[in-house]
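> Structure in structure tokens, see below.
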Amino acid sequence: MSWTASCPKCATVFAPQSGFEEDSGPFRCDNHGDVTPLWRPDQPDYDSFARLVQLAAEVAVYVPWPMSPGWQISDFGVVVDASAEDAKALGTFTTTAGTSDLDGHVEVTLVSEEPGVGLGARLAHTVVLDPGDQVGKGPALVQLRAGGHPVHLWPVDTNHDSPLAAGVFAGEADGRWLWVIMRPASAALLLRDEWLLADVTGFGPEAVEMPFGRPRTD
């Protein structure tokens, strides 16, 4: 399987078509200095997802579960120094894609990360690196269940006003930031209190039921 390493805070690519087995560090971004890279597979499939879960270790890997008919996992990644024997993941993301009657094609990206990693901000194109200043002000807009626990989410400002831009929400789950990124923004209306996010690091036989979509195009 082939993976690409990039800066977790921006789109700078370090090692296209690289595998975890190679000595591929250190990684230095012209914009952000030395960073722990974001690794993404070039083909979303069961084997690469299993590797992601292995590297994620204690960091949750969330997906909406059960998935609606026709929805698939289309992209995922992990922020980790994969060459270190005691590698500790700093963040993960998954993107699931499908359709809704009102919005057509919809993508849902879920990010779990330590403070300061910047992965959620990169994927959501927000004006803040961490959502802390925008979380907890006033009542939460949405309450979900993530990993079996209730999580409150607040809206986070983005860098664009396009009607096709993302609806971005953030809160705290298991001591880390949880970002929920909905594209298009109008798809945020799909978020309801009964939404369930499962941490696949705790999956058993149900893992084989996860559907995977076509490779990402970005």
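Chain labels A, B, ... are given in the sequence in which chains occur in the structure tokens; within each chain residues are numbered consecutively from 1, and ligands are likewise numbered from 1 in the order shown.
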I'd like the contact shell of A:Ile73 - 10 Å cut-off, only C-alpha atoms, skipping same-chain residues fewer than 2 positions apart - returned as a short mmCIF file (atom, residue, chain, number, x, y, z; two decimals) with C-alpha atoms, in the first residue's frame.


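Final file, out_31.cif:
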data_model
loop_
_atom_site.label_atom_id
_atom_site.label_comp_id
_atom_site.auth_asym_id
_atom_site.auth_seq_id
_atom_site.Cartn_x
_atom_site.Cartn_y
_atom_site.Cartn_z
CA PRO A 44 -8.81 3.85 0.72
CA ASP A 45 -9.22 0.17 1.44
CA TYR A 46 -9.56 -2.25 4.34
CA PHE A 49 -7.54 1.41 7.24
CA VAL A 63 -16.96 7.10 11.77
CA PRO A 64 -20.75 7.60 11.72
CA MET A 67 -23.54 4.05 8.02
CA TRP A 71 -22.29 5.75 2.17
CA ASP A 75 -10.44 9.20 2.88
CA PHE A 76 -8.56 8.91 6.18
CA THR A 94 -11.92 10.01 8.45
CA THR A 95 -14.13 11.23 5.62
CA THR A 96 -17.32 9.42 4.71
CA ALA A 97 -19.29 10.29 1.60
CA GLY A 98 -22.81 9.66 0.42
CA GLU A 107 -18.98 14.53 2.83
CA VAL A 108 -18.59 14.19 6.60
CA THR A 109 -15.06 14.57 7.99
CA MET A 210 -17.10 -1.01 6.55
CA PRO A 211 -17.46 0.06 2.88
CA PHE A 212 -14.68 1.97 1.14
CA GLY A 213 -15.08 4.39 -1.76
CA ARG A 214 -12.92 5.59 -4.63
CA PRO A 215 -9.53 7.22 -4.02
#

> Which neighbours of A:Ala165 fall inside 12 Å, counting only C-alpha atoms, when residues of the same chain fewer than 3 positions from it are skipped, and could you give them as a list in words?

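These residues fall inside the cut-off: Val106, Glu107, Leu123, Ala124, His125, Thr126, Asp157, Thr158, Asn159, His160, Asp161, Ser162, Val168, Ile181, Met182, Arg183, Pro184, Ala185, Ser186, Ala187 and Ala188 of chain A.
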
> Looking at only C-alpha atoms, which of A:Leu110, A:Ala82, A:Leu129, A:Val142 is the one that sits closest to A:Leu189?

A:Val142

> Nearest to A:Val80 among A:Glu113, A:Asp42, A:Glu209, A:Asp101, with distances taken over only C-alpha atoms: which residue is it?

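Residue with the minimum atom-to-atom distance to A:Val80: A:Glu113.
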
> Report as a short mmCIF file (atom, residue, chain, number, x, y, z; two decimals) with N, CA and C atoms, in the first residue's frame: the residues of stretch 113-181 of chain A with a DSSP assignment of strand (DSSP E), based on the backbone of this structure.


data_model
loop_
_atom_site.label_atom_id
_atom_site.label_comp_id
_atom_site.auth_asym_id
_atom_site.auth_seq_id
_atom_site.Cartn_x
_atom_site.Cartn_y
_atom_site.Cartn_z
N GLU A 113 -7.99 15.07 17.62
CA GLU A 113 -6.60 15.50 17.67
C GLU A 113 -6.24 16.14 19.00
N VAL A 142 -25.24 21.42 18.89
CA VAL A 142 -25.54 20.01 18.64
C VAL A 142 -24.96 19.16 19.76
N GLN A 143 -25.65 18.10 20.11
CA GLN A 143 -25.08 17.09 21.01
C GLN A 143 -25.13 15.75 20.31
N LEU A 144 -23.96 15.14 20.16
CA LEU A 144 -23.84 13.81 19.56
C LEU A 144 -23.40 12.83 20.62
N ARG A 145 -23.27 11.57 20.21
CA ARG A 145 -22.64 10.56 21.05
C ARG A 145 -21.43 10.04 20.31
N ALA A 146 -20.27 10.14 20.93
CA ALA A 146 -19.02 9.69 20.32
C ALA A 146 -18.37 8.67 21.25
N HIS A 149 -20.25 8.25 24.50
CA HIS A 149 -20.38 9.36 25.45
C HIS A 149 -20.97 10.59 24.77
N PRO A 150 -21.77 11.38 25.50
CA PRO A 150 -22.32 12.59 24.89
C PRO A 150 -21.23 13.63 24.65
N VAL A 151 -21.30 14.30 23.52
CA VAL A 151 -20.34 15.35 23.15
C VAL A 151 -21.11 16.56 22.66
N HIS A 152 -20.81 17.72 23.22
CA HIS A 152 -21.44 18.96 22.81
C HIS A 152 -20.56 19.65 21.76
N LEU A 153 -21.21 20.19 20.72
CA LEU A 153 -20.49 20.82 19.63
C LEU A 153 -20.97 22.25 19.42
N TRP A 154 -20.02 23.13 19.11
CA TRP A 154 -20.30 24.52 18.81
C TRP A 154 -19.81 24.85 17.40
N PRO A 155 -20.43 25.80 16.71
CA PRO A 155 -19.96 26.17 15.36
C PRO A 155 -18.62 26.89 15.43
N GLY A 167 -19.73 23.33 6.80
CA GLY A 167 -20.26 23.65 8.11
C GLY A 167 -19.36 22.98 9.12
N VAL A 168 -18.78 23.74 10.03
CA VAL A 168 -17.74 23.22 10.92
C VAL A 168 -18.19 23.36 12.37
N PHE A 169 -18.02 22.27 13.14
CA PHE A 169 -18.41 22.23 14.54
C PHE A 169 -17.30 21.54 15.33
N ALA A 170 -17.16 21.93 16.58
CA ALA A 170 -16.09 21.34 17.39
C ALA A 170 -16.51 21.25 18.84
N GLY A 171 -15.90 20.30 19.52
CA GLY A 171 -16.12 20.10 20.94
C GLY A 171 -14.97 19.26 21.49
N GLU A 172 -15.18 18.70 22.65
CA GLU A 172 -14.13 17.90 23.29
C GLU A 172 -14.64 16.49 23.53
N ALA A 173 -13.82 15.51 23.14
CA ALA A 173 -14.17 14.11 23.36
C ALA A 173 -12.93 13.36 23.80
N ARG A 176 -9.55 15.23 23.84
CA ARG A 176 -9.01 15.77 22.58
C ARG A 176 -10.09 16.57 21.86
N TRP A 177 -9.65 17.40 20.92
CA TRP A 177 -10.61 18.13 20.10
C TRP A 177 -11.30 17.15 19.15
N LEU A 178 -12.59 17.30 19.04
CA LEU A 178 -13.37 16.58 18.04
C LEU A 178 -13.96 17.61 17.09
N TRP A 179 -13.60 17.50 15.81
CA TRP A 179 -14.15 18.36 14.76
C TRP A 179 -15.13 17.55 13.92
N VAL A 180 -16.25 18.17 13.56
CA VAL A 180 -17.20 17.60 12.61
C VAL A 180 -17.33 18.60 11.47
N ILE A 181 -16.93 18.17 10.26
CA ILE A 181 -16.88 19.06 9.10
C ILE A 181 -17.84 18.52 8.05
#

> Closest to A:Pro66 among A:Ala207, A:Ala5, A:Arg122, A:Asp47, using only C-alpha atoms?

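Looking only at the distances to A:Pro66, the closest residue turns out to be A:Ala207.
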
> So which one's closest to A:Ala57, A:Val200, A:Ala11, A:Leu119, A:Ala140? Using only C-alpha atoms, please.

A:Val200

> Pick out the closest residue to A:Ser112 from this set: A:Asp133, A:Asp30, A:Asp199, A:Asp86. Count only C-alpha atoms.

A:Asp199

> Residues within 9 Å of A:Leu90, please, as an NGL selection string. Count only C-alpha atoms; anything in the same chain fewer than 4 positions from it doesn't count.

:A and (36 or 56 or 59 or 78-80 or 112-115 or 117)

> Calculated over only C-alpha atoms, which of the candidates A:Val156, A:Ala166, A:Leu52, A:Leu196 has the smallest distance to A:Pro131?

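Nearest candidate to A:Pro131 out of A:Val156, A:Ala166, A:Leu52, A:Leu196: A:Val156.
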